[in-house]
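Asker: Next comes query36.csv, CSV, C-alpha atoms:
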chain,number,residue,atom,x,y,z
A,281,MET,CA,85.5,224.6,43.5
A,282,ALA,CA,88.5,226.7,42.7
A,283,THR,CA,91.6,226.4,44.9
A,284,ASN,CA,93.9,229.3,45.8
A,285,GLU,CA,97.6,229.4,46.1
A,286,SER,CA,97.5,228.7,49.8
A,287,ASP,CA,95.4,225.6,49.2
A,288,GLY,CA,97.9,224.4,46.7
A,289,GLY,CA,100.8,225.0,49.1
A,290,LYS,CA,98.9,223.0,51.8
A,291,GLU,CA,98.3,220.1,49.4
A,292,LYS,CA,102.0,220.1,48.5
A,293,ASP,CA,102.9,220.0,52.2
A,294,VAL,CA,100.6,217.0,52.7
A,295,GLN,CA,102.0,215.2,49.7
A,296,LEU,CA,105.6,215.8,50.8
A,297,ALA,CA,104.8,214.7,54.4
A,298,ARG,CA,103.3,211.4,53.0
A,299,LEU,CA,106.4,210.9,50.8
A,300,VAL,CA,108.8,211.4,53.7
A,301,LEU,CA,106.8,209.0,55.9
A,302,ALA,CA,106.9,206.4,53.0
A,303,LEU,CA,110.7,206.8,52.8
A,304,ARG,CA,111.1,206.3,56.5
A,305,SER,CA,109.0,203.2,56.4
A,306,GLN,CA,111.3,201.8,53.7
A,307,GLY,CA,114.4,202.4,55.7
A,308,VAL,CA,115.6,205.9,54.7
A,309,THR,CA,115.9,207.2,58.3
A,310,ASP,CA,118.9,209.5,58.2
A,311,ALA,CA,117.7,212.9,59.4
A,312,GLY,CA,120.0,214.9,57.2
A,313,VAL,CA,119.0,213.1,54.1
A,314,LEU,CA,115.3,213.4,54.8
A,315,ALA,CA,115.7,217.1,55.5
A,316,ALA,CA,117.4,217.6,52.2
A,317,ILE,CA,114.6,215.7,50.4
A,318,GLU,CA,112.0,217.9,52.2
A,319,TRP,CA,113.9,221.0,51.1
A,320,ALA,CA,114.4,220.1,47.4
A,321,PRO,CA,111.4,221.1,45.4
A,322,ARG,CA,111.0,217.9,43.3
A,323,GLU,CA,108.3,219.6,41.2
A,324,LEU,CA,111.0,222.0,39.8
A,325,PHE,CA,112.9,219.1,38.4
A,326,THR,CA,109.8,217.3,36.9
A,327,PRO,CA,108.5,218.0,33.4
A,328,ASP,CA,105.2,219.9,33.1
A,329,LEU,CA,103.4,216.7,31.9
A,330,PHE,CA,104.2,215.0,35.2
A,331,LYS,CA,104.3,217.8,37.8
A,332,GLU,CA,101.2,216.5,39.5
A,333,ARG,CA,103.0,213.3,40.2
A,334,ALA,CA,106.2,215.0,41.5
A,335,PHE,CA,105.6,213.7,45.0
A,336,GLU,CA,104.9,210.1,44.1
A,337,ASP,CA,107.5,207.6,45.1
A,338,SER,CA,108.2,206.7,41.5
A,339,ALA,CA,110.7,207.4,38.7
A,340,LEU,CA,109.5,209.8,36.1
A,341,PRO,CA,110.6,210.5,32.5
A,342,ILE,CA,112.6,213.7,31.7
A,343,ALA,CA,114.2,214.9,28.4
A,344,CYS,CA,116.7,212.9,26.3
A,345,GLY,CA,115.1,209.6,27.2
A,346,GLN,CA,116.4,209.8,30.8
A,347,THR,CA,114.6,209.7,34.2
A,348,ILE,CA,114.4,211.5,37.5
A,349,SER,CA,114.9,208.7,40.0
A,350,GLN,CA,112.4,207.3,42.4
A,351,PRO,CA,112.7,209.3,45.7
A,352,PHE,CA,113.2,206.1,47.7
A,353,ILE,CA,116.2,205.2,45.5
A,354,VAL,CA,117.5,208.8,45.8
A,355,GLY,CA,117.2,208.6,49.6
A,356,LEU,CA,118.7,205.1,49.8
A,357,MET,CA,121.7,206.0,47.7
A,358,THR,CA,122.3,209.3,49.5
A,359,GLN,CA,122.1,207.6,52.9
A,360,ALA,CA,124.5,204.9,51.8
A,361,LEU,CA,127.0,207.5,50.7
A,362,GLN,CA,127.3,208.8,54.2
A,363,VAL,CA,128.1,212.4,53.0
A,364,GLU,CA,129.7,214.7,55.6
A,365,PRO,CA,129.6,218.5,55.7
A,366,ARG,CA,133.2,218.8,54.4
A,367,SER,CA,132.8,216.1,51.7
A,368,ARG,CA,133.8,216.7,48.1
A,369,VAL,CA,131.4,214.6,46.1
A,370,LEU,CA,131.5,213.5,42.5
A,371,GLU,CA,128.2,212.7,40.8
A,372,ILE,CA,128.1,210.9,37.5
A,373,GLY,CA,124.9,211.7,35.6
A,374,THR,CA,123.4,215.1,36.5
A,375,GLY,CA,120.1,214.4,34.8
A,376,SER,CA,117.5,216.8,36.0
A,377,GLY,CA,119.7,218.0,38.9
A,378,TYR,CA,117.4,216.7,41.6
A,379,GLN,CA,119.9,214.2,43.1
A,380,THR,CA,122.7,216.9,42.7
A,381,THR,CA,120.6,219.4,44.7
A,382,ILE,CA,120.1,217.0,47.6
A,383,LEU,CA,123.9,216.2,47.6
A,384,SER,CA,124.6,220.0,47.6
A,385,ARG,CA,122.6,220.4,50.9
A,386,LEU,CA,124.8,217.8,52.6
A,387,SER,CA,128.3,218.4,51.3
A,388,ARG,CA,130.9,221.1,50.8
A,389,LEU,CA,131.2,220.8,47.0
A,390,VAL,CA,129.5,218.7,44.4
A,391,TYR,CA,131.2,218.0,41.0
A,392,THR,CA,128.7,216.7,38.5
A,393,VAL,CA,129.2,215.3,35.0
A,394,GLU,CA,126.5,215.0,32.4
A,395,ARG,CA,126.8,213.7,28.8
A,396,TYR,CA,123.6,215.5,27.5
A,397,ARG,CA,124.3,219.2,26.9
A,398,THR,CA,120.5,219.9,27.1
A,399,LEU,CA,120.1,218.3,30.5
A,400,MET,CA,123.2,220.1,31.8
A,401,GLY,CA,121.9,223.5,30.7
A,402,GLU,CA,118.5,222.9,32.3
A,403,ALA,CA,120.0,221.6,35.5
A,404,GLU,CA,122.3,224.6,35.7
A,405,ALA,CA,119.3,226.9,35.4
A,406,ARG,CA,117.6,225.2,38.3
A,407,PHE,CA,120.7,225.4,40.5
A,408,LYS,CA,120.8,229.1,39.8
A,409,GLN,CA,117.1,229.5,40.6
A,410,LEU,CA,117.6,227.8,43.9
A,411,GLY,CA,120.7,229.8,44.7
A,412,LEU,CA,123.0,226.8,44.9
A,413,THR,CA,126.6,227.9,44.7
A,414,ASN,CA,128.5,224.8,45.7
A,415,ILE,CA,127.8,222.8,42.5
A,416,ILE,CA,130.4,222.6,39.7
A,417,THR,CA,129.2,221.2,36.4
A,418,LYS,CA,131.0,219.5,33.5
A,419,PHE,CA,129.7,218.4,30.1
A,420,GLY,CA,131.5,215.2,29.4
A,421,ASP,CA,131.9,211.4,29.6
A,422,GLY,CA,130.8,210.4,33.1
A,423,GLY,CA,132.5,207.0,32.9
A,424,LEU,CA,135.9,208.8,32.9
A,425,GLY,CA,135.0,210.7,36.0
A,426,TRP,CA,136.8,214.0,36.7
A,427,PRO,CA,140.4,213.1,37.3
A,428,GLU,CA,141.6,216.7,37.4
A,429,GLN,CA,139.6,217.2,40.6
A,430,ALA,CA,140.3,213.8,42.2
A,431,PRO,CA,140.5,212.4,44.7
A,432,PHE,CA,136.9,212.6,46.0
A,433,ASP,CA,135.5,211.8,49.4
A,434,ARG,CA,132.4,210.3,47.9
A,435,ILE,CA,131.2,209.3,44.4
A,436,LEU,CA,127.6,208.7,43.4
A,437,VAL,CA,126.8,207.1,40.0
A,438,THR,CA,123.2,207.6,38.7
A,439,ALA,CA,123.5,205.4,35.6
A,440,ALA,CA,124.3,201.6,35.5
A,441,ALA,CA,127.9,200.7,34.9
A,442,PRO,CA,128.2,197.4,33.0
A,443,GLU,CA,130.9,196.2,35.5
A,444,GLU,CA,132.8,197.5,38.5
A,445,PRO,CA,133.6,201.1,37.7
A,446,LYS,CA,137.4,200.9,38.2
A,447,ALA,CA,138.1,204.3,36.6
A,448,LEU,CA,135.9,206.0,39.2
A,449,LEU,CA,137.2,203.9,42.1
A,450,SER,CA,140.7,205.1,41.2
A,451,GLN,CA,139.5,208.7,41.8
A,452,LEU,CA,138.2,207.9,45.3
A,453,LYS,CA,140.1,208.6,48.5
A,454,PRO,CA,141.4,205.5,50.2
A,455,SER,CA,138.7,205.8,52.9
A,456,GLY,CA,136.0,207.0,50.5
A,457,ILE,CA,132.6,205.6,49.5
A,458,LEU,CA,131.2,205.0,46.1
A,459,VAL,CA,127.6,204.0,45.4
A,460,ALA,CA,126.6,202.8,41.9
A,461,PRO,CA,124.2,200.5,40.1
A,462,VAL,CA,126.2,197.8,38.3
A,463,GLY,CA,125.1,195.4,35.7
A,464,LYS,CA,123.1,195.2,32.5
A,465,ARG,CA,119.4,195.6,31.8
A,466,PRO,CA,116.8,194.9,32.8
A,467,VAL,CA,117.9,194.7,36.5
A,468,GLN,CA,121.1,195.8,38.1
A,469,LYS,CA,122.6,195.6,41.6
A,470,LEU,CA,123.0,198.7,43.7
A,471,ILE,CA,126.5,198.3,45.1
A,472,ARG,CA,128.3,200.3,47.8
A,473,TYR,CA,132.1,200.3,47.7
A,474,LEU,CA,133.9,201.1,51.0
A,475,GLY,CA,137.5,202.0,51.2
A,476,ASP,CA,139.6,200.6,54.1
A,477,GLY,CA,141.9,203.6,54.2
A,478,ASN,CA,144.7,201.7,52.3
A,479,GLY,CA,143.2,201.7,48.9
A,480,VAL,CA,141.3,198.4,49.1
A,481,PHE,CA,137.6,198.6,48.5
A,482,ARG,CA,135.1,196.0,49.6
A,483,SER,CA,131.7,195.8,48.0
A,484,GLU,CA,128.2,195.5,49.5
A,485,VAL,CA,125.2,194.6,47.4
A,486,MET,CA,122.3,196.7,48.6
A,487,THR,CA,119.3,195.9,46.4
A,488,ASP,CA,118.0,195.3,42.8
A,489,VAL,CA,117.5,198.5,40.8
A,490,ARG,CA,116.6,199.6,37.3
A,491,PHE,CA,118.7,202.5,35.8
A,492,VAL,CA,119.5,203.8,32.4
A,493,PRO,CA,123.0,202.5,31.2
A,494,LEU,CA,126.2,204.5,31.7
A,495,LEU,CA,127.2,205.1,28.1
A,496,PRO,CA,130.6,206.1,26.8
A,497,GLY,CA,131.3,209.5,25.3
A,498,VAL,CA,129.0,212.5,25.1
A,499,ALA,CA,125.5,212.4,23.5
A,500,LYS,CA,124.8,213.7,20.0
A,501,GLU,CA,121.7,215.8,20.1
A,502,PRO,CA,119.7,217.4,17.3
Turn the structure described in the file into structure tokens.
Answerer:
Amino acid sequence: MATNESDGGKEKDVQLARLVLALRSQGVTDAGVLAAIEWAPRELFTPDLFKERAFEDSALPIACGQTISQPFIVGLMTQALQVEPRSRVLEIGTGSGYQTTILSRLSRLVYTVERYRTLMGEAEARFKQLGLTNIITKFGDGGLGWPEQAPFDRILVTAAAPEEPKALLSQLKPSGILVAPVGKRPVQKLIRYLGDGNGVFRSEVMTDVRFVPLLPGVAKEP
């Protein structure tokens, strides 16, 4: 039996509700984070081949050999970042722009760096489509951060640094928070760095994760 657009919308609402319940059951309980996840249309950031899986709690492939992260990990990292309405946030690894979009709903400004020009262009088009005006993009080496715009209140890294990301920590305010996967494949540690207000950062290991590596330079594309 054929379904109409209304049926499709209802099914999407059901899938989204299930996803949010699943995230809550796993410990993502911050109301602002969950509201941002509910608002962000994950299907817009998912390749056509995987759109029917957009509301699964799983990572999915995107262009350039990258991934759109599992919603639970997105929620967990965003919650750990403790973004405030006046926060200036640096994101390393724009990717599809899904995580960027969620950060933009919670903060004043998001500065995001991507090493793949193709991904950057596609993400910018999505931001425009959604009417997001508080996102500033940069094509460049994410490992170097964005020193011209530092210091940042919060920094989120969506690729695995091989070791403590000292260059990025140096661009964080003394009382800021940085969340990043750290380590080498196949499994890394998700670590939160918290500033004490005097430039000393203590680290907390949150969980095991699997992220693509944070590579130096910009990508060469055909």
Asker: What is the distance between CA of Arg385 in chain A and CA of Gly497 in chain A, in Å to one decimal?
Answerer: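 Interatomic distance here is 29.2 Å.
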Asker: Which one is closest to Asn414 in chain A: A:Lys446, A:Arg368, A:Arg434, A:Arg298? Count only C-alpha atoms.
Answerer: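 Going through A:Lys446, A:Arg368, A:Arg434, A:Arg298 one by one, the smallest distance to Asn414 in chain A is for A:Arg368.
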Asker: Write out as a list of chain:residue names which residues come within 9 Å of Gln468 in chain A when counting all atoms listed in the file, dropping same-chain ones fewer than 3 positions away.
Answerer: A:Ala440, A:Ala441, A:Pro442, A:Pro461, A:Val462, A:Gly463, A:Lys464, A:Arg465, A:Thr487, A:Asp488, A:Val489, A:Arg490, A:Phe491
Asker: For Val354 in chain A, which of A:Asp433, A:Glu402, A:Asp337, A:Glu394 is the closest residue, counting only C-alpha atoms?
Answerer: A:Asp337
Asker: Pick out the closest residue to Thr381 in chain A from this set: A:Ala460, A:Ala320, A:Leu301, A:Val492. Count only C-alpha atoms.
Answerer: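 Looking at the shortest contact to Thr381 in chain A, the residue is A:Ala320.
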Asker: Quick one: pull the distance between CA of Gln295 in chain A and CA of Val467 in chain A, Å, one decimal.
Answerer: 29.1 Å
Asker: Skip Leu296 in chain A itself and residues of its chain fewer than 5 positions away, then list as a ChimeraX atom specification all residues within 10 Å of it, counting all atoms listed in the file.
Answerer: /A:290-291,301-302,317-319,321-322,334-336
Asker: Tell me which protein, DNA and RNA residues are within 6 Å of Pro365 in chain A, counting only C-alpha atoms, leaving out same-chain ones fewer than 4 positions away, and put them as a ChimeraX atom specification.
Answerer: /A:386-388
Asker: Write the selection just made, keeping C-alpha atoms, as a PDB file, keeping the file's coordinate frame?
Answerer:
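Output (again18.pdb):
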ATOM      1  CA  LEU A 386     124.800 217.800  52.600  1.00  0.00           C
ATOM      2  CA  SER A 387     128.300 218.400  51.300  1.00  0.00           C
ATOM      3  CA  ARG A 388     130.900 221.100  50.800  1.00  0.00           C
TER       4      ARG A 388
END
Asker: Could you tell me how far CA of Leu361 in chain A sits from CA of Glu484 in chain A, in Å to one decimal place?
Answerer: 12.1 Å
Asker: Counting only C-alpha atoms, which residues sit no farther than 9 Å from the position (117.9, 211.9, 27.2) in the file's frame? I'd like them as a PDB file with C-alpha atoms, in the frame of the given file.
Answerer:
ATOM      1  CA  ILE A 342     112.600 213.700  31.700  1.00  0.00           C
ATOM      2  CA  ALA A 343     114.200 214.900  28.400  1.00  0.00           C
ATOM      3  CA  CYS A 344     116.700 212.900  26.300  1.00  0.00           C
ATOM      4  CA  GLY A 345     115.100 209.600  27.200  1.00  0.00           C
ATOM      5  CA  GLN A 346     116.400 209.800  30.800  1.00  0.00           C
ATOM      6  CA  THR A 347     114.600 209.700  34.200  1.00  0.00           C
ATOM      7  CA  GLY A 375     120.100 214.400  34.800  1.00  0.00           C
ATOM      8  CA  TYR A 396     123.600 215.500  27.500  1.00  0.00           C
ATOM      9  CA  THR A 398     120.500 219.900  27.100  1.00  0.00           C
ATOM     10  CA  LEU A 399     120.100 218.300  30.500  1.00  0.00           C
ATOM     11  CA  ALA A 499     125.500 212.400  23.500  1.00  0.00           C
ATOM     12  CA  GLU A 501     121.700 215.800  20.100  1.00  0.00           C
TER      13      GLU A 501
END
Asker: What would the list of residues within 8 Å of (139.0, 202.2, 48.1) (file frame) look like as a PDB file with C-alpha atoms, in the coordinates of the input, if all atoms listed in the file are what count?
Answerer:
ATOM      1  CA  LEU A 449     137.200 203.900  42.100  1.00  0.00           C
ATOM      2  CA  SER A 450     140.700 205.100  41.200  1.00  0.00           C
ATOM      3  CA  LEU A 452     138.200 207.900  45.300  1.00  0.00           C
ATOM      4  CA  LYS A 453     140.100 208.600  48.500  1.00  0.00           C
ATOM      5  CA  PRO A 454     141.400 205.500  50.200  1.00  0.00           C
ATOM      6  CA  SER A 455     138.700 205.800  52.900  1.00  0.00           C
ATOM      7  CA  GLY A 456     136.000 207.000  50.500  1.00  0.00           C
ATOM      8  CA  ILE A 457     132.600 205.600  49.500  1.00  0.00           C
ATOM      9  CA  TYR A 473     132.100 200.300  47.700  1.00  0.00           C
ATOM     10  CA  LEU A 474     133.900 201.100  51.000  1.00  0.00           C
ATOM     11  CA  GLY A 475     137.500 202.000  51.200  1.00  0.00           C
ATOM     12  CA  ASP A 476     139.600 200.600  54.100  1.00  0.00           C
ATOM     13  CA  GLY A 477     141.900 203.600  54.200  1.00  0.00           C
ATOM     14  CA  ASN A 478     144.700 201.700  52.300  1.00  0.00           C
ATOM     15  CA  GLY A 479     143.200 201.700  48.900  1.00  0.00           C
ATOM     16  CA  VAL A 480     141.300 198.400  49.100  1.00  0.00           C
ATOM     17  CA  PHE A 481     137.600 198.600  48.500  1.00  0.00           C
ATOM     18  CA  ARG A 482     135.100 196.000  49.600  1.00  0.00           C
TER      19      ARG A 482
END
Asker: Find, counting all atoms listed in the file, the residue in A:Ser376, A:Phe330, A:Ala316, A:Thr438 that gets nearest to Arg406 in chain A.
Answerer: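 Smallest distance to Arg406 in chain A is found for A:Ser376.
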